[in-house]
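I have placed the structure first, in the form of structure tokens, so that the comments after it can refer back to it.
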Amino acid sequence: MFDSLTYQKRRKALREKVSHGIILLLGNNEAPANYPDNAYKFRQDSSFVYFFGLQHPGFAGILDVDSGEDYLFGDDVDMDDIIWMGPQPSVKELAAQVGVDKSYPFDKLKDFVGSAIAKRRKVHFLPLYRHDKMLLVEEMTGIRASMTPKHASVELIKAIVDLRSSKEPCEIAEIDKACDVGYEMHTAAMRLCKPGISEQYIAGVLDGIASSYGRMVSFATILTQNGQTLHNHDHSHVLQEGRLMLTDAGAELMNCYCSDHTRTVPVGGKFTARQRDVYSIVLACHDKALELARPEVTYMSVHLEVCKVLAQGMKDLGLMKGDVEEAVAAGAHALFLPHGLGHMMGLDVHDMEDLGQCYVGYDDEIQPSAQFGLSSLRMGRRLKEGFVITDEPGCYFIPALIDKWRAEKIHADFLNFDAIDKFKDFGGIRLEDDILITPEGSRFTGHKHIPITIGEVEDIMNE
Ligand code: GLY
């Protein structure tokens, strides 16, 4: 947790951005896995953490925009809880830690919200992604649980996106630390990547590293020799010599700040000539994004420049043909890169995605595209100092997609399907770093850079 002034300043800034009414920020509750007392690892709501700092289940906060008062709602533990959980701080003590002097039992939240509604005051709440909270909002406001997403306050969403997008120095320090754990995870994966070792074993080691240094992994680890499947959570294979192992994994610290890195390495520790060719193109794409990312540049334009590097590389390999600019404008390169260059990162690995990607990654100036590939770009808008985003180009040979495009002659003017067919057993490569937008440009987050050049990767794998 940061000092109480940090949370007081953030809540004041939020109250100043919202015109009137009350702001309801619901913390998360325990989520049972297979019976009520056996819960998944608790994860607090990120906006609640941002404004109230507390990592305990069963809390809610209210910011009264009109009076300038903040309130915390939660229940003190009873003797039975103390017997099973040990002594716990009181709600009043927890509230004081984050600069709130008005705290009440959780039940009072319903009275507070009910009284605001009776006075026809606006109740702002965020899009809800957990059903227990939808039901609570239904109970308090009369809005049907399934309709709560439609009633989320756009004014509140925009205000929070504005505040959380540029990271404060204390947040950047935490992200740097999370990336240092990411370094430990990825270098461990590189060292363990040998023929005969199972994907599951290495993924399990990574999960253990994340939880031994912090809370847990920041998302379900992707570790696979079938990297052509973008979000492959299947770890059921045994690594085979000559394949590529793609590892997309990150850590989340105790205070919820995240890391998200991807590396792709040759099983056995030596890239083949064909792997080197494709890897070098993806690395050039990754470096191009770092070179271009700076304040006032749109990430959409960086994405498109990176796609041109990819398309030129594919053309040099004989897999694409024609004019590179025209190919990228048409979306032909998306056969190899069907996802976007990156997303915001911070308290969530896809930062603020619960608030709506159209508010986080886009704005009135830059609107999402409907084109295949570009439509998966999560972050398109103009960059600002303090943004933390991912730089994650890739190149994938997805047999089903290749077959479909070939059969339907999609972008046949730009694609050499006979040559592409020979890569259907290749797999996929993705290289991902997290970058901070600085006044001058950008920098990698974390204190140590995970090996990424062909030489660095082969060296660590053969130590
Ligand atoms: N690194 C996983 C993701 O961005 O979804």
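The chains in the structure tokens are called A, B, ... from first to last as shown; in each chain the residues are counted from 1, and the ligands are counted from 1 in the order shown.
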Would you give me, as CSV, each residue of chain A having an atom within 9 Å of an atom of ligand 1, along with its shortest atom pair and that distance in Å to one decimal, using only C-alpha atoms and all ligand atoms and sorting by chain and residue number?
```
residue,atom,partner,partner_atom_place_in_ligand_line,distance
A:Ser218,CA,ligand 1,1 (N),8.8
A:Phe219,CA,ligand 1,2 (C),6.9
A:Ala220,CA,ligand 1,2 (C),8.2
A:Thr221,CA,ligand 1,2 (C),8.1
A:Ile222,CA,ligand 1,2 (C),7.7
A:Leu230,CA,ligand 1,5 (O),8.7
A:His231,CA,ligand 1,5 (O),7.1
A:Asp248,CA,ligand 1,1 (N),5.5
A:Ala249,CA,ligand 1,1 (N),6.3
A:Gly250,CA,ligand 1,1 (N),7.5
A:Ser259,CA,ligand 1,1 (N),8.9
A:Asp260,CA,ligand 1,1 (N),5.4
A:His261,CA,ligand 1,1 (N),6.6
A:Thr262,CA,ligand 1,1 (N),7.1
A:Gly342,CA,ligand 1,4 (O),7.3
A:His343,CA,ligand 1,4 (O),7.1
A:Val349,CA,ligand 1,4 (O),7.0
A:His350,CA,ligand 1,4 (O),6.5
A:Thr390,CA,ligand 1,4 (O),8.0
A:Glu392,CA,ligand 1,4 (O),8.4
A:Glu432,CA,ligand 1,1 (N),8.0
```
Residue subset to file, keeping C-alpha atoms, as a tab-separated table (two decimals), in the first residue's frame:
```
chain	number	residue	atom	x	y	z
A	218	SER	CA	-0.71	-11.73	-13.70
A	219	PHE	CA	-2.70	-13.97	-16.12
A	220	ALA	CA	-2.80	-17.67	-16.94
A	221	THR	CA	0.65	-18.55	-18.29
A	222	ILE	CA	0.94	-19.31	-21.99
A	230	LEU	CA	-2.22	-17.04	-29.71
A	231	HIS	CA	-3.53	-17.73	-26.21
A	248	ASP	CA	3.94	-15.38	-22.50
A	249	ALA	CA	3.90	-14.85	-18.75
A	250	GLY	CA	3.94	-12.21	-16.10
A	259	SER	CA	4.35	-7.51	-15.71
A	260	ASP	CA	3.75	-9.16	-19.10
A	261	HIS	CA	6.59	-10.49	-21.27
A	262	THR	CA	6.87	-12.98	-24.10
A	342	GLY	CA	-0.06	-3.98	-27.48
A	343	HIS	CA	-2.25	-2.88	-24.61
A	349	VAL	CA	-2.26	-6.90	-17.13
A	350	HIS	CA	-4.74	-5.51	-19.68
A	390	THR	CA	3.18	-3.62	-24.19
A	392	GLU	CA	4.38	-7.40	-28.57
A	432	GLU	CA	6.98	-8.83	-25.84
```
Show which residues sit within 9 Å of stretch 113-130 of chain A, as a VMD selection string. Count only C-alpha atoms, and ignore same-chain residues fewer than 4 positions away. chain A and resid 20 to 26 28 108 to 109 134 to 135 137 140 to 141 148 to 157 354 to 356
Show me, as a list in words, the residues that have an atom within 8 Å of A:Ala332 when counting only C-alpha atoms, minus same-chain residues fewer than 4 positions from it.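 Residues meeting the cut-off are Ala327, Val328, His411, Phe414 and Leu415 of chain A.
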Residue among A:Gly242, A:Leu304, A:Ile410, A:Ala60 lying closest to A:Leu292, counting only C-alpha atoms: A:Leu304
Residue among A:Pro266, A:Gly428, A:Gly68, A:Pro105 lying closest to A:Asp459, counting only C-alpha atoms: A:Pro266
